[in-house]
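K.L.:
Here you go, this is protein16.tsv (TSV, C-alpha atoms and all ligand atoms).
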chain	number	residue	atom	x	y	z
A	1	MET	CA	108.45	115.60	106.25
A	2	HIS	CA	105.31	117.71	106.45
A	3	VAL	CA	103.50	115.41	108.80
A	4	GLN	CA	101.65	116.83	111.74
A	5	GLU	CA	102.91	115.58	115.06
A	6	LEU	CA	101.47	115.93	118.56
A	7	GLN	CA	102.64	114.65	121.95
A	8	ASP	CA	100.31	113.23	124.61
A	9	ALA	CA	97.47	113.59	122.13
A	10	PRO	CA	93.88	112.72	123.06
A	11	LEU	CA	92.53	109.89	120.90
A	12	ALA	CA	88.88	109.99	122.00
A	13	PRO	CA	87.97	112.75	119.50
A	14	LEU	CA	89.35	110.56	116.71
A	15	THR	CA	86.88	107.76	117.46
A	16	THR	CA	83.14	107.55	116.87
A	17	PHE	CA	82.68	106.27	120.45
A	18	ARG	CA	84.59	109.38	121.61
A	19	LEU	CA	86.36	107.15	124.10
A	20	GLY	CA	89.95	106.34	125.04
A	21	GLY	CA	92.96	108.02	126.63
A	22	PRO	CA	95.86	109.79	124.90
A	23	ALA	CA	98.65	108.47	122.69
A	24	THR	CA	102.26	109.23	123.55
A	25	ARG	CA	102.60	110.61	120.02
A	26	LEU	CA	100.10	111.21	117.24
A	27	ILE	CA	101.24	111.57	113.65
A	28	THR	CA	98.91	112.56	110.84
A	29	ALA	CA	100.19	111.50	107.42
A	30	THR	CA	98.73	112.79	104.17
A	31	THR	CA	100.87	110.95	101.58
A	32	ASP	CA	101.82	107.29	101.17
A	33	ASP	CA	105.49	108.23	101.66
A	34	GLU	CA	104.68	109.92	104.96
A	35	VAL	CA	102.72	106.88	106.08
A	36	ILE	CA	105.59	104.54	105.22
A	37	ALA	CA	108.21	106.80	106.82
A	38	ALA	CA	106.22	106.98	110.06
A	39	VAL	CA	105.72	103.20	110.14
A	40	ARG	CA	109.42	102.56	109.46
A	41	GLU	CA	110.47	105.00	112.15
A	42	ALA	CA	108.23	103.32	114.72
A	43	ASP	CA	109.39	99.84	113.68
A	44	ASP	CA	113.07	100.83	113.72
A	45	SER	CA	112.79	102.15	117.26
A	46	GLY	CA	110.59	99.28	118.47
A	47	THR	CA	107.78	101.72	119.27
A	48	PRO	CA	104.26	100.21	119.36
A	49	LEU	CA	102.16	101.51	116.46
A	50	LEU	CA	98.42	102.09	116.23
A	51	LEU	CA	96.89	102.79	112.82
A	52	ILE	CA	93.81	104.99	112.82
A	53	GLY	CA	91.51	105.75	109.89
A	54	GLY	CA	88.11	107.14	110.79
A	55	GLY	CA	88.14	105.59	114.27
A	56	SER	CA	84.71	104.03	113.70
A	57	ASN	CA	85.70	100.50	114.64
A	58	LEU	CA	88.01	101.17	117.56
A	59	VAL	CA	87.63	100.75	121.31
A	60	ILE	CA	90.62	102.43	122.92
A	61	GLY	CA	91.30	101.88	126.62
A	62	ASP	CA	90.96	104.72	129.12
A	63	LYS	CA	94.72	104.63	129.70
A	64	GLY	CA	95.29	105.40	126.04
A	65	PHE	CA	98.09	104.11	123.86
A	66	GLU	CA	101.74	104.06	124.81
A	67	GLY	CA	103.38	104.46	121.44
A	68	THR	CA	102.82	106.15	118.10
A	69	ALA	CA	99.28	106.54	116.80
A	70	LEU	CA	99.38	107.09	113.06
A	71	ARG	CA	96.37	108.73	111.53
A	72	ILE	CA	96.13	107.89	107.86
A	73	ALA	CA	94.75	110.97	106.13
A	74	THR	CA	95.77	110.38	102.51
A	75	ARG	CA	93.17	111.37	99.94
A	76	GLY	CA	92.39	110.31	96.38
A	77	ILE	CA	89.62	108.82	94.30
A	78	ALA	CA	90.67	107.70	90.81
A	79	LEU	CA	88.06	106.31	88.43
A	80	GLU	CA	89.05	104.93	85.05
A	81	GLY	CA	86.29	103.13	83.22
A	82	THR	CA	84.99	100.68	85.82
A	83	ALA	CA	88.27	100.60	87.76
A	84	LEU	CA	88.32	102.50	91.04
A	85	GLU	CA	91.40	103.23	93.15
A	86	LEU	CA	91.05	104.80	96.57
A	87	ALA	CA	93.75	106.18	98.84
A	88	ALA	CA	93.55	104.52	102.26
A	89	GLY	CA	92.57	107.72	104.05
A	90	GLU	CA	89.79	108.58	101.62
A	91	VAL	CA	86.38	109.00	103.25
A	92	TRP	CA	84.43	105.86	102.34
A	93	THR	CA	81.01	107.52	102.12
A	94	ASP	CA	82.40	110.12	99.68
A	95	ALA	CA	83.84	107.35	97.51
A	96	VAL	CA	80.48	105.53	97.43
A	97	ALA	CA	78.70	108.75	96.47
A	98	ARG	CA	81.21	109.34	93.64
A	99	THR	CA	80.74	105.86	92.16
A	100	VAL	CA	76.96	106.25	92.27
A	101	GLU	CA	77.25	109.63	90.51
A	102	ALA	CA	79.50	108.00	87.92
A	103	GLY	CA	76.81	105.35	87.28
A	104	LEU	CA	78.87	102.42	88.54
A	105	ALA	CA	77.47	99.52	90.55
A	106	GLY	CA	79.00	97.34	93.24
A	107	ILE	CA	79.36	99.39	96.44
A	108	GLU	CA	76.12	101.44	96.45
A	109	CYS	CA	74.64	99.40	99.34
A	110	LEU	CA	77.71	100.17	101.46
A	111	ALA	CA	76.62	103.82	101.62
A	112	GLY	CA	76.62	105.37	105.09
A	113	ILE	CA	79.35	103.15	106.55
A	114	PRO	CA	81.67	105.52	108.40
A	115	GLY	CA	85.44	105.44	108.22
A	116	SER	CA	88.18	105.25	105.66
A	117	ALA	CA	88.57	103.31	102.43
A	118	GLY	CA	91.77	101.70	103.72
A	119	ALA	CA	89.96	100.05	106.61
A	120	THR	CA	87.29	98.43	104.43
A	121	PRO	CA	89.37	95.36	103.55
A	122	ILE	CA	90.38	94.84	107.19
A	123	GLN	CA	87.05	93.42	108.33
A	124	ASN	CA	85.65	92.96	104.80
A	125	VAL	CA	83.10	95.67	105.38
A	126	GLY	CA	79.60	94.66	104.46
A	127	ALA	CA	75.96	95.65	104.74
A	128	TYR	CA	72.64	95.19	102.98
A	129	GLY	CA	73.81	92.31	100.81
A	130	GLN	CA	77.16	93.68	99.66
A	131	GLU	CA	80.70	93.10	100.95
A	132	VAL	CA	83.86	94.79	99.66
A	133	SER	CA	85.39	91.36	98.98
A	134	SER	CA	83.09	91.09	95.93
A	135	THR	CA	84.50	94.19	94.25
A	136	ILE	CA	88.07	94.57	95.56
A	137	THR	CA	90.59	93.42	92.96
A	138	GLU	CA	93.74	94.13	94.98
A	139	VAL	CA	95.07	95.92	98.01
A	140	VAL	CA	98.30	97.90	97.94
A	141	ALA	CA	99.92	97.68	101.35
A	142	TYR	CA	103.20	98.33	103.12
A	143	ASP	CA	104.40	95.00	104.52
A	144	ARG	CA	106.12	95.67	107.85
A	145	ARG	CA	107.72	92.22	107.76
A	146	THR	CA	109.52	92.59	104.42
A	147	ARG	CA	109.62	96.42	104.64
A	148	GLU	CA	108.32	96.66	101.09
A	149	THR	CA	105.18	97.84	99.38
A	150	VAL	CA	103.24	94.84	98.13
A	151	VAL	CA	100.18	94.29	95.97
A	152	VAL	CA	97.87	91.70	97.51
A	153	PRO	CA	95.40	90.27	94.98
A	154	ASN	CA	91.87	89.52	96.17
A	155	ALA	CA	92.55	85.76	96.23
A	156	ASP	CA	95.33	86.30	98.80
A	157	CYS	CA	93.27	88.56	101.08
A	158	ALA	CA	91.53	85.59	102.81
A	159	PHE	CA	88.26	87.48	102.94
A	160	SER	CA	85.42	86.00	104.96
A	161	TYR	CA	82.55	87.34	107.06
A	162	ARG	CA	83.91	90.46	108.86
A	163	HIS	CA	87.43	89.07	108.53
A	164	SER	CA	90.51	89.04	106.31
A	165	ARG	CA	94.19	88.29	106.27
A	166	PHE	CA	94.79	91.92	107.31
A	167	LYS	CA	92.71	91.45	110.44
A	168	ALA	CA	94.36	88.09	111.12
A	169	GLU	CA	97.85	89.64	110.92
A	170	PRO	CA	97.25	93.07	112.49
A	171	GLU	CA	100.92	93.91	113.01
A	172	ARG	CA	101.89	93.24	109.42
A	173	PHE	CA	100.08	95.24	106.72
A	174	VAL	CA	99.45	98.95	106.41
A	175	VAL	CA	96.89	99.46	103.67
A	176	LEU	CA	97.89	102.30	101.33
A	177	ARG	CA	95.42	101.93	98.44
A	178	VAL	CA	92.44	99.77	97.60
A	179	ARG	CA	91.47	98.88	94.03
A	180	PHE	CA	88.00	97.84	92.95
A	181	ALA	CA	86.35	96.59	89.76
A	182	LEU	CA	82.84	98.02	89.51
A	183	GLU	CA	80.11	97.27	87.03
A	184	ASP	CA	78.61	99.51	84.38
A	185	ALA	CA	74.99	98.41	84.40
A	186	SER	CA	73.70	101.50	82.58
A	187	GLY	CA	72.98	103.40	85.77
A	188	LEU	CA	71.41	100.46	87.57
A	189	SER	CA	72.52	98.92	90.85
A	190	ALA	CA	73.95	95.47	91.36
A	191	PRO	CA	71.17	92.89	91.86
A	192	VAL	CA	69.49	93.66	95.21
A	193	ARG	CA	70.39	90.76	97.52
A	194	TYR	CA	69.00	91.80	100.87
A	195	ALA	CA	65.34	91.11	101.63
A	196	GLU	CA	64.86	94.27	103.72
A	197	THR	CA	66.29	96.48	100.97
A	198	ALA	CA	64.23	94.74	98.29
A	199	ARG	CA	61.08	95.27	100.39
A	200	ALA	CA	61.85	98.93	100.95
A	201	LEU	CA	62.50	99.39	97.22
A	202	GLY	CA	59.36	97.45	96.29
A	203	VAL	CA	61.28	94.99	94.11
A	204	GLY	CA	62.11	91.30	94.25
A	205	PRO	CA	65.48	89.94	95.40
A	206	GLY	CA	67.85	89.89	92.41
A	207	ASP	CA	66.25	92.89	90.70
A	208	ARG	CA	68.24	95.97	89.81
A	209	VAL	CA	67.13	99.52	90.58
A	210	PRO	CA	68.54	102.97	89.71
A	211	LEU	CA	71.81	103.39	91.62
A	212	ALA	CA	70.83	106.59	93.44
A	213	GLU	CA	67.62	104.94	94.63
A	214	ALA	CA	69.54	101.97	96.05
A	215	ARG	CA	71.95	104.28	97.87
A	216	GLU	CA	69.23	106.53	99.26
A	217	THR	CA	67.10	103.60	100.41
A	218	VAL	CA	70.04	102.07	102.26
A	219	LEU	CA	70.81	105.45	103.87
A	220	GLU	CA	67.19	105.73	105.05
A	221	LEU	CA	67.16	102.20	106.45
A	222	ARG	CA	70.47	102.83	108.21
A	223	SER	CA	69.33	106.18	109.67
A	224	GLY	CA	66.31	104.49	111.21
A	225	LYS	CA	68.72	102.21	113.08
A	226	GLY	CA	71.16	104.92	114.17
A	227	MET	CA	73.72	103.55	111.73
A	228	VAL	CA	74.57	106.83	110.00
A	229	LEU	CA	76.84	109.17	111.97
A	230	ASP	CA	75.12	112.18	113.48
A	231	ALA	CA	77.07	114.11	116.12
A	232	GLU	CA	73.80	115.25	117.74
A	233	ASP	CA	72.47	111.71	118.13
A	234	HIS	CA	74.05	109.63	120.90
A	235	ASP	CA	72.64	106.48	119.30
A	236	THR	CA	75.40	106.93	116.70
A	237	TRP	CA	78.23	107.36	119.25
A	238	SER	CA	79.07	103.74	118.60
A	239	ALA	CA	81.10	101.43	116.41
A	240	GLY	CA	78.01	100.26	114.56
A	241	SER	CA	77.44	96.59	115.34
A	242	PHE	CA	79.32	95.76	118.51
A	243	PHE	CA	79.12	91.99	118.02
A	244	THR	CA	79.44	89.79	114.95
A	245	ASN	CA	76.66	87.39	114.03
A	246	PRO	CA	77.60	83.94	115.38
A	247	ILE	CA	78.29	81.22	112.82
A	248	LEU	CA	77.39	77.78	114.18
A	249	THR	CA	78.18	74.26	113.03
A	250	ASP	CA	75.21	71.93	112.43
A	251	GLU	CA	75.69	70.32	115.86
A	252	GLU	CA	75.98	73.68	117.60
A	253	PHE	CA	72.89	74.90	115.81
A	254	ALA	CA	70.89	71.84	116.93
A	255	VAL	CA	71.86	72.50	120.56
A	256	PHE	CA	70.99	76.18	120.15
A	257	TYR	CA	67.64	75.32	118.55
A	258	ALA	CA	66.75	73.13	121.52
A	259	ARG	CA	67.75	75.94	123.91
A	260	VAL	CA	65.48	78.37	122.04
A	261	ALA	CA	62.54	75.95	122.29
A	262	GLU	CA	63.19	75.44	126.00
A	263	ARG	CA	63.41	79.15	126.72
A	264	LEU	CA	60.97	80.70	124.27
A	265	GLY	CA	58.63	77.80	123.52
A	266	GLU	CA	58.23	75.28	120.71
A	267	GLY	CA	57.68	76.82	117.31
A	268	VAL	CA	59.95	79.82	117.84
A	269	ASN	CA	62.46	79.80	114.99
A	270	PRO	CA	65.68	81.71	115.56
A	271	PRO	CA	67.09	83.57	112.53
A	272	ALA	CA	69.13	81.16	110.41
A	273	TYR	CA	71.07	81.95	107.24
A	274	PRO	CA	73.25	79.53	105.28
A	275	ALA	CA	76.93	80.30	105.92
A	276	GLY	CA	78.71	77.64	103.88
A	277	GLU	CA	78.80	73.86	104.06
A	278	GLY	CA	77.48	72.63	107.43
A	279	ARG	CA	77.31	76.14	108.89
A	280	THR	CA	74.50	78.49	109.83
A	281	LYS	CA	74.67	82.14	110.77
A	282	THR	CA	72.25	83.44	113.37
A	283	SER	CA	71.56	87.01	114.45
A	284	ALA	CA	73.45	88.61	117.34
A	285	ALA	CA	70.77	91.34	117.55
A	286	TRP	CA	68.05	88.70	118.00
A	287	LEU	CA	70.05	86.87	120.69
A	288	ILE	CA	70.67	90.09	122.60
A	289	ASP	CA	67.04	91.12	122.42
A	290	LYS	CA	65.72	87.69	123.46
A	291	SER	CA	68.16	87.61	126.37
A	292	GLY	CA	66.40	90.66	127.82
A	293	PHE	CA	68.69	93.43	126.55
A	294	THR	CA	66.18	95.43	124.60
A	295	LYS	CA	66.65	98.73	122.80
A	296	GLY	CA	67.82	101.47	125.17
A	297	TYR	CA	68.90	98.93	127.84
A	298	GLY	CA	71.01	100.32	130.64
A	299	THR	CA	70.91	103.11	133.17
A	300	GLY	CA	74.53	104.23	133.07
A	301	PRO	CA	76.49	106.41	130.66
A	302	ALA	CA	76.96	103.47	128.23
A	303	ARG	CA	73.73	101.90	126.97
A	304	ILE	CA	72.31	99.88	124.14
A	305	SER	CA	71.17	102.13	121.30
A	306	THR	CA	67.50	103.08	121.43
A	307	LYS	CA	67.31	102.18	117.72
A	308	HIS	CA	69.25	98.92	117.42
A	309	THR	CA	70.12	96.24	119.99
A	310	LEU	CA	73.43	95.48	118.29
A	311	ALA	CA	74.93	98.91	118.88
A	312	LEU	CA	76.44	99.79	122.24
A	313	THR	CA	76.62	103.54	122.66
A	314	ASN	CA	78.24	106.29	124.69
A	315	ARG	CA	75.49	108.58	125.96
A	316	GLY	CA	78.04	111.37	126.35
A	317	ALA	CA	79.84	110.83	129.65
A	318	ALA	CA	80.93	107.20	129.38
A	319	THR	CA	84.43	105.81	129.84
A	320	THR	CA	85.76	102.81	127.98
A	321	GLU	CA	85.38	100.81	131.21
A	322	ASP	CA	81.65	101.69	131.30
A	323	LEU	CA	81.31	100.47	127.73
A	324	LEU	CA	83.20	97.25	128.42
A	325	ALA	CA	81.14	96.58	131.56
A	326	LEU	CA	77.98	96.78	129.44
A	327	ALA	CA	79.52	94.61	126.72
A	328	ARG	CA	80.51	91.97	129.30
A	329	GLU	CA	77.03	92.04	130.81
A	330	VAL	CA	75.51	91.39	127.37
A	331	VAL	CA	77.98	88.59	126.57
A	332	ALA	CA	77.29	86.89	129.92
A	333	GLY	CA	73.53	87.30	129.56
A	334	VAL	CA	73.41	85.86	126.06
A	335	HIS	CA	75.63	82.98	127.11
A	336	ALA	CA	73.44	82.21	130.11
A	337	ALA	CA	70.30	82.31	127.96
A	338	PHE	CA	71.44	80.50	124.82
A	339	GLY	CA	74.93	79.05	125.42
A	340	ILE	CA	76.44	81.22	122.68
A	341	THR	CA	79.44	83.46	123.29
A	342	LEU	CA	79.24	86.69	121.33
A	343	VAL	CA	82.46	88.07	119.85
A	344	ASN	CA	83.14	91.80	119.56
A	345	GLU	CA	83.43	93.26	116.07
A	346	PRO	CA	85.41	96.47	116.81
A	347	VAL	CA	89.15	96.28	117.40
A	348	THR	CA	90.14	96.78	121.04
A	349	VAL	CA	93.30	98.68	121.95
A	350	GLY	CA	94.89	98.07	125.36
A	351	VAL	CA	91.70	96.42	126.66
A	352	SER	CA	89.70	93.27	126.02
A	353	LEU	CA	86.22	92.05	126.80
B	1	LIG	C1	77.43	104.11	112.99
B	1	LIG	C2	78.32	103.02	112.45
B	1	LIG	C3	77.84	102.11	111.51
B	1	LIG	C4	78.68	101.10	111.01
B	1	LIG	N1	78.16	100.22	110.08
B	1	LIG	C5	78.95	99.25	109.57
B	1	LIG	C6	78.44	98.33	108.60
B	1	LIG	O1	77.29	98.43	108.17
B	1	LIG	N2	79.25	97.36	108.13
B	1	LIG	C7	80.55	97.24	108.55
B	1	LIG	O2	81.24	96.33	108.07
B	1	LIG	N3	81.06	98.10	109.47
B	1	LIG	C8	80.30	99.09	109.98
B	1	LIG	N4	80.81	99.95	110.94
B	1	LIG	C9	82.19	99.77	111.42
B	1	LIG	C10	83.22	100.67	110.72
B	1	LIG	O3	82.62	101.79	110.15
B	1	LIG	C11	83.97	99.93	109.62
B	1	LIG	O4	84.62	98.81	110.14
B	1	LIG	C12	85.03	100.84	108.95
B	1	LIG	O5	85.59	100.19	107.83
B	1	LIG	C13	86.16	101.24	109.89
B	1	LIG	O6	86.91	102.22	109.22
B	1	LIG	P1	87.81	103.25	110.02
B	1	LIG	O7	88.64	103.98	109.02
B	1	LIG	O8	86.99	104.08	110.91
B	1	LIG	O9	88.73	102.25	110.84
B	1	LIG	P2	89.35	102.50	112.29
B	1	LIG	O10	88.29	102.40	113.32
B	1	LIG	O11	90.18	103.72	112.29
B	1	LIG	O12	90.29	101.22	112.40
B	1	LIG	C14	89.74	99.92	112.46
B	1	LIG	C15	90.87	98.90	112.38
B	1	LIG	O13	91.51	98.97	111.12
B	1	LIG	C16	92.88	99.31	111.26
B	1	LIG	N5	93.21	100.22	110.14
B	1	LIG	C17	92.63	101.41	109.84
B	1	LIG	N6	93.18	101.90	108.72
B	1	LIG	C18	94.11	101.00	108.32
B	1	LIG	C19	95.03	100.94	107.21
B	1	LIG	N7	95.09	101.91	106.29
B	1	LIG	N8	95.84	99.85	107.10
B	1	LIG	C20	95.80	98.86	108.02
B	1	LIG	N9	94.97	98.87	109.07
B	1	LIG	C21	94.14	99.93	109.22
B	1	LIG	C22	92.99	99.98	112.63
B	1	LIG	O14	94.30	99.86	113.17
B	1	LIG	C23	91.98	99.16	113.41
B	1	LIG	O15	92.55	97.92	113.77
B	1	LIG	C24	80.00	100.98	111.45
B	1	LIG	C25	80.49	101.91	112.40
B	1	LIG	C26	79.66	102.92	112.90
B	1	LIG	C27	80.21	103.89	113.89
Is it possible to give me this structure as structure tokens?
Ligand SMILES: Cc1cc2nc3c(=O)[nH]c(=O)nc-3n(C[C@H](O)[C@H](O)[C@H](O)COP(=O)(O)OP(=O)(O)OC[C@H]3O[C@@H](n4cnc5c(N)ncnc54)[C@H](O)[C@@H]3O)c2cc1C
P.N.:
Amino acid sequence: MHVQELQDAPLAPLTTFRLGGPATRLITATTDDEVIAAVREADDSGTPLLLIGGGSNLVIGDKGFEGTALRIATRGIALEGTALELAAGEVWTDAVARTVEAGLAGIECLAGIPGSAGATPIQNVGAYGQEVSSTITEVVAYDRRTRETVVVPNADCAFSYRHSRFKAEPERFVVLRVRFALEDASGLSAPVRYAETARALGVGPGDRVPLAEARETVLELRSGKGMVLDAEDHDTWSAGSFFTNPILTDEEFAVFYARVAERLGEGVNPPAYPAGEGRTKTSAAWLIDKSGFTKGYGTGPARISTKHTLALTNRGAATTEDLLALAREVVAGVHAAFGITLVNEPVTVGVSL
């Protein structure tokens, strides 16, 4: 094997938070065979395994990880007609740029999302009106239960808002490749679904625009919120959104609505988006802001981003415990104000909220 192997390896530099202690062993694999061999070896010896792509959705405890951390660094972008296949370790933003250059629509609004292609199905990555579940046809994964490589068709991925079968069964699947079906719309984007993007582009919802324009507009909107990685900017030392947007049943929403009126006055309408039969999604960023945690909140080394209330950030000298203390403060504050318990979006390793 040509894999790179390190003992007692720091994991913080592999995460966008730049937080977390060391792993007993760190393996970097650059081929599917190396990935599978490393997973099998860990499973055979009963060693705990942590999969790492770009580390942009990981909160690793200060004590680190006792076991094997496997960094998936496979590369490959294959485009054939409108069919796209990405190796799990491929850099997602590079893949988006390639499809836009090739004149193919479907993932252009997911520009600027850090991390690897292989992690995109895990939480059904989404932004600005697009989610990977709309374009993924199948996921090639190593199934640790059957010890075989399997092809999981979209219908069996159980995709939902920031969730999937892969997230539900974290110890089971190692994503090796992700296949997408894109659209050839003669150089135009998919219909623009997100109001903010449509406004910025000066078009109506449902219109199409040149692909490059869609991508660049999304990148600009994201930069303004600290949602594009920039090593110099501590507002991007984050995992993007730290909390998911709560989805409430009709009854829960009615109770919430009354709480909003009580706290903020009659006539204040909280954000509400249809989220399926009898369900409404509200905005975690709005809840956080209205609970008194405004942009830049905090005095310690972990603070709310100065550009977006939904991002918790490491100002440079934070520990994971500092970050979690801030996260717990926000969860408690929002619960006290509105009776809603926020749920963290990033995956926690060796710690919990
Ligand atoms: C500034 C910023 C902005 C962001 N904006 C968005 C956004 O707009 N929308 C959005 O959805 N997310 C966003 N994110 C979150 C994050 O970028 C995505 O979730 C991304 O897909 C994570 O990829 P990663 O390779 O970094 O995963 P990692 O952080 O390395 O891993 C995340 C999880 O996936 C698992 N995993 C990784 N690779 C594999 C694999 N090959 N097989 C099986 N499991 C694997 C890990 O074990 C872990 O549980 C943002 C993050 C940051 C820092």
K.L.:
Could you tell me how far atom CA of Phe166 of chain A lies from atom CA of Ala127 of chain A, in Å and to one decimal?
P.N.:
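Here the two named atoms are 19.4 Å from each other.
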K.L.:
Could you list, as a PDB file with C-alpha atoms, keeping the file's coordinate frame, all the residues within 6 Å of ligand LIG 1 (chain B), counting all atoms listed in the file?
P.N.:
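Below you can see result29.pdb, which holds the result:
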ATOM      1  CA  THR A  16      83.140 107.550 116.870  1.00  0.00           C
ATOM      2  CA  LEU A  50      98.420 102.090 116.230  1.00  0.00           C
ATOM      3  CA  LEU A  51      96.890 102.790 112.820  1.00  0.00           C
ATOM      4  CA  ILE A  52      93.810 104.990 112.820  1.00  0.00           C
ATOM      5  CA  GLY A  53      91.510 105.750 109.890  1.00  0.00           C
ATOM      6  CA  GLY A  54      88.110 107.140 110.790  1.00  0.00           C
ATOM      7  CA  GLY A  55      88.140 105.590 114.270  1.00  0.00           C
ATOM      8  CA  SER A  56      84.710 104.030 113.700  1.00  0.00           C
ATOM      9  CA  ASN A  57      85.700 100.500 114.640  1.00  0.00           C
ATOM     10  CA  LEU A  58      88.010 101.170 117.560  1.00  0.00           C
ATOM     11  CA  ALA A  88      93.550 104.520 102.260  1.00  0.00           C
ATOM     12  CA  ILE A 113      79.350 103.150 106.550  1.00  0.00           C
ATOM     13  CA  PRO A 114      81.670 105.520 108.400  1.00  0.00           C
ATOM     14  CA  GLY A 115      85.440 105.440 108.220  1.00  0.00           C
ATOM     15  CA  SER A 116      88.180 105.250 105.660  1.00  0.00           C
ATOM     16  CA  GLY A 118      91.770 101.700 103.720  1.00  0.00           C
ATOM     17  CA  ALA A 119      89.960 100.050 106.610  1.00  0.00           C
ATOM     18  CA  THR A 120      87.290  98.430 104.430  1.00  0.00           C
ATOM     19  CA  ILE A 122      90.380  94.840 107.190  1.00  0.00           C
ATOM     20  CA  VAL A 125      83.100  95.670 105.380  1.00  0.00           C
ATOM     21  CA  GLY A 126      79.600  94.660 104.460  1.00  0.00           C
ATOM     22  CA  ALA A 127      75.960  95.650 104.740  1.00  0.00           C
ATOM     23  CA  PHE A 173     100.080  95.240 106.720  1.00  0.00           C
ATOM     24  CA  VAL A 174      99.450  98.950 106.410  1.00  0.00           C
ATOM     25  CA  VAL A 175      96.890  99.460 103.670  1.00  0.00           C
ATOM     26  CA  LEU A 176      97.890 102.300 101.330  1.00  0.00           C
ATOM     27  CA  MET A 227      73.720 103.550 111.730  1.00  0.00           C
ATOM     28  CA  VAL A 228      74.570 106.830 110.000  1.00  0.00           C
ATOM     29  CA  LEU A 229      76.840 109.170 111.970  1.00  0.00           C
ATOM     30  CA  THR A 236      75.400 106.930 116.700  1.00  0.00           C
ATOM     31  CA  SER A 238      79.070 103.740 118.600  1.00  0.00           C
ATOM     32  CA  ALA A 239      81.100 101.430 116.410  1.00  0.00           C
ATOM     33  CA  GLY A 240      78.010 100.260 114.560  1.00  0.00           C
ATOM     34  CA  VAL A 347      89.150  96.280 117.400  1.00  0.00           C
TER      35      VAL A 347
END
K.L.:
Give me the residues near Arg279 of chain A as a count of residues only, where near means some atom within 7 Å (using all atoms listed in the file) and where sequence neighbours in that chain fewer than 3 positions away do not count.
P.N.:
7
K.L.:
Could you pull out every residue with an atom within 7 Å of (74.3, 82.1, 119.0), file coordinates, counting all atoms listed in the file, and send them as number ranges by chain?
P.N.:
A: 246, 256, 282, 284, 287, 338, 340-341
K.L.:
Within 7 Å of Ser133 of chain A, counting all atoms listed in the file, which residues show up once you throw out same-chain ones fewer than 3 positions away? Write them as a list in words, please.
P.N.:
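The neighbour list is Asn124, Ile136 and Phe159 of chain A.
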K.L.:
Generate the output file for the selected residues, C-alpha atoms, as a PDB file, in the frame of the given file.
P.N.:
ATOM      1  CA  ASN A 124      85.650  92.960 104.800  1.00  0.00           C
ATOM      2  CA  ILE A 136      88.070  94.570  95.560  1.00  0.00           C
ATOM      3  CA  PHE A 159      88.260  87.480 102.940  1.00  0.00           C
TER       4      PHE A 159
END
